[in-house]
Amino acid sequence: MVTRRRMIGAALATGGGVLLARTTLRPAASATASVPDAEAAADVAAAHRHSPGADAPDPGPDAGPALVEKFTTALPLPPVLSPVSTDDGADTYAVTMLPSYARILPGHRTPVLTYNGAFPGPVIRARSGRPVIVRQTNLLDDAVSVHLHGARVPTESDGGPMNLLAPGATRTYTYPNDQPHASLWFHDHAHHSESEHVYRGLAGTYLITDATESALPLPTGRYDLPIALRDARFDASGALVYRMDDPLNRTTILANGRPWPKVEVAARRYRLRLLNSSNLRFFSLRLADGGPLTQIGSDGGLLERPHTTDTVDLSPGERADVVIDFSRYRVGTSVVLTNSLPPGPAEHVGQVLRFDVVRSAADPSSVPDRLRTLPALGAAARERTVVLKVEENPGAAPRGLIDGKVYDPARVDAAVAFGTSEIWTVVNANTDIPHNFHLHLVQFRVLARNGLPPGPEEGGLKDTVRLLPGESVRLQARFDSYRGRYPYHCHLLDHSAMGMMAQMEIG
Ligand code: C2O
Ligand code: CU
Ligand code: CU
């Protein structure tokens, strides 16, 4: 454990600080009129003038920690979207991407990029077998692509890196939800700008439920909390500072868009759906008193059986579904959720949020020993190896490579036969930089990590898997849902923006 943590820390410390020259993102003046709050609208242009870009002078260290008193603001829950129509057997939503303001740091309004004005984005609730249609309108001045991470969707609705939605344009994404329950998320995927877009707010939550999940006596309703964790860097005016490959300076930890919030809980069980929506930061989460965390799910829904642990690790893009039973605390007790991974000062990045146990409550919920049955893996038709590497070139921009190549949307890197199952061995060829690996379209199973069986936390369905320096992971997936081209990539978004992405064609 210690070795592993030291490895990530060292890796992030030495892998940071590599800048790529790129243009600044500035929301369009025309989009100003769309900001819902009139007062905010008047100030959008002014505020964006201090939104620093790669060409701006360095704004100095992250001002976030100095502007915040920890554990004073309440954890907000993202708004749940209501459909504009539920006709014809589908739920239809209308979403507008627009620049707005978020109250992140007390006394400051931070310019952000949003889905419907919410930072982070809203929650869409879906049911297996019932399609969701999302009409997305882009009022930003950058092209975007809306990707539903972890979903089984036709390629035209996947939101791939080249399938762009131009400024001012509207398009419809259709999600069949032809898959079991899972805690998914949606985020921007426009090639080369996904990293900055997601950093500035283009990320939301998408929860699919089904009969298997809803039959279980797990905590529900107000006791089921989606929590997106990430880091950020601010300047003294409260604006987000985005620099490519800047992990050392992102020392403000946000939970649902608020720095180090407090979460008032009753002394009973809660289900926490944790998402790491950071560009680069890995979390290793623990309760400060070392108390038990019952992990019940991962990226692709519930595990077969709950797994009790004191630590939950999340690399960028991964999710963990965790039940905490606060009845073991006396009312009046507080317990901090901590993070043991660098980079950054432990007094800041080592703390995430605080649970304050404020009342007692009846608790009809429980965590059964058996949660679901996973589909059988079946025999694999073929095996392949995928090698991830960031190549640092003195005096030049680093390149993100998969199998020695930078992403080329015109190239097919893996031709997969429709209807078959494959085993992929994914290798991190860097000895000092962590990566992870995400496959679009499928939920896979981890067969082995460094030649050994994976831990129980990786025993369920996954779409993103961590690869610490030098590690290898064997995974198996079945490609039997849709044909077409889909990307696979490192989900450290700065790395995919540097080209660490490739493409499979299922046909
Ligand atoms: Cu979450 Cu290809 O992305
Ligand atoms: Cu994805
Ligand atoms: Cu990477």
# chains A, B, ... in the order shown; residues from 1 in each chain; ligands from 1
>>> residues_near_ligand(ligand="ligand 2", cutoff="7 Å", atoms="only C-alpha atoms and all ligand atoms", output="ChimeraX atom specification")
/A:147-150,438-440
>>> write_last_selection(atoms="N, CA and C atoms", output="short mmCIF file (atom, residue, chain, number, x, y, z; two decimals), in the first residue's frame")
data_model
loop_
_atom_site.label_atom_id
_atom_site.label_comp_id
_atom_site.auth_asym_id
_atom_site.auth_seq_id
_atom_site.Cartn_x
_atom_site.Cartn_y
_atom_site.Cartn_z
N HIS A 147 -20.48 12.87 -24.41
CA HIS A 147 -20.27 11.42 -24.30
C HIS A 147 -20.93 10.89 -23.05
N LEU A 148 -21.65 9.78 -23.19
CA LEU A 148 -22.22 9.11 -22.02
C LEU A 148 -21.30 7.96 -21.65
N HIS A 149 -20.53 8.18 -20.60
CA HIS A 149 -19.44 7.29 -20.21
C HIS A 149 -19.99 6.03 -19.53
N GLY A 150 -19.67 4.88 -20.14
CA GLY A 150 -20.11 3.61 -19.56
C GLY A 150 -21.34 3.03 -20.22
N HIS A 438 -9.86 3.24 -20.41
CA HIS A 438 -11.31 3.27 -20.56
C HIS A 438 -11.69 2.81 -21.96
N LEU A 439 -12.61 1.88 -22.02
CA LEU A 439 -13.17 1.41 -23.29
C LEU A 439 -14.58 1.97 -23.40
N HIS A 440 -14.89 2.56 -24.53
CA HIS A 440 -16.27 2.97 -24.77
C HIS A 440 -17.13 1.72 -25.04
#
>>> residues_near_ligand(ligand="ligand 3", cutoff="9 Å", atoms="only C-alpha atoms and all ligand atoms", output="VMD selection string")
chain A and resid 280 388 to 390 400 to 401 428 433 to 437 467 489 to 496 500
>>> write_last_selection(atoms="C-alpha atoms", output="mmCIF file, in the first residue's frame")
data_model
loop_
_atom_site.group_PDB
_atom_site.id
_atom_site.type_symbol
_atom_site.label_atom_id
_atom_site.label_comp_id
_atom_site.auth_asym_id
_atom_site.auth_seq_id
_atom_site.Cartn_x
_atom_site.Cartn_y
_atom_site.Cartn_z
ATOM 1 C CA LEU A 280 -5.588 13.770 -13.400
ATOM 2 C CA LEU A 388 0.026 3.082 -22.915
ATOM 3 C CA LYS A 389 2.853 5.555 -22.765
ATOM 4 C CA VAL A 390 3.435 9.263 -22.352
ATOM 5 C CA GLY A 400 0.369 10.472 -25.531
ATOM 6 C CA LEU A 401 0.819 7.113 -27.227
ATOM 7 C CA ASN A 428 1.433 1.027 -18.573
ATOM 8 C CA ILE A 433 3.512 8.164 -14.641
ATOM 9 C CA PRO A 434 0.164 6.587 -13.759
ATOM 10 C CA HIS A 435 -2.492 6.009 -16.422
ATOM 11 C CA ASN A 436 -5.829 4.343 -16.604
ATOM 12 C CA PHE A 437 -7.780 2.689 -19.373
ATOM 13 C CA LEU A 467 -2.785 1.361 -14.267
ATOM 14 C CA HIS A 489 -8.124 5.822 -24.163
ATOM 15 C CA CYS A 490 -6.399 6.858 -20.991
ATOM 16 C CA HIS A 491 -8.960 8.776 -18.893
ATOM 17 C CA LEU A 492 -6.395 11.158 -17.458
ATOM 18 C CA LEU A 493 -7.921 13.705 -19.795
ATOM 19 C CA ASP A 494 -4.720 15.631 -20.342
ATOM 20 C CA HIS A 495 -3.212 12.390 -21.628
ATOM 21 C CA SER A 496 -6.064 11.659 -24.031
ATOM 22 C CA MET A 500 -3.351 8.745 -25.785
#
>>> residues_around(residues="Pro78 of chain A", least_positions_apart="3", cutoff="9 Å", atoms="only C-alpha atoms", output="list in words")
Ala118, Phe119, Pro120, Gly121, Pro122, Val123, Gly204, Thr205, Pro226, Ile227 and Asn256 of chain A
>>> closest_residue(among="A:Asn339, A:Asn276, A:Thr72, A:Ser481", to="Ala151 of chain A", atoms="only C-alpha atoms")
A:Ser481
>>> residues_around(residues="segment 308-314 of chain A", least_positions_apart="2", cutoff="10 Å", atoms="only C-alpha atoms", output="VMD selection string")
chain A and resid 229 274 to 278 281 to 296 298 305 to 306 316 to 323 338 to 341 456 to 457 464 to 466
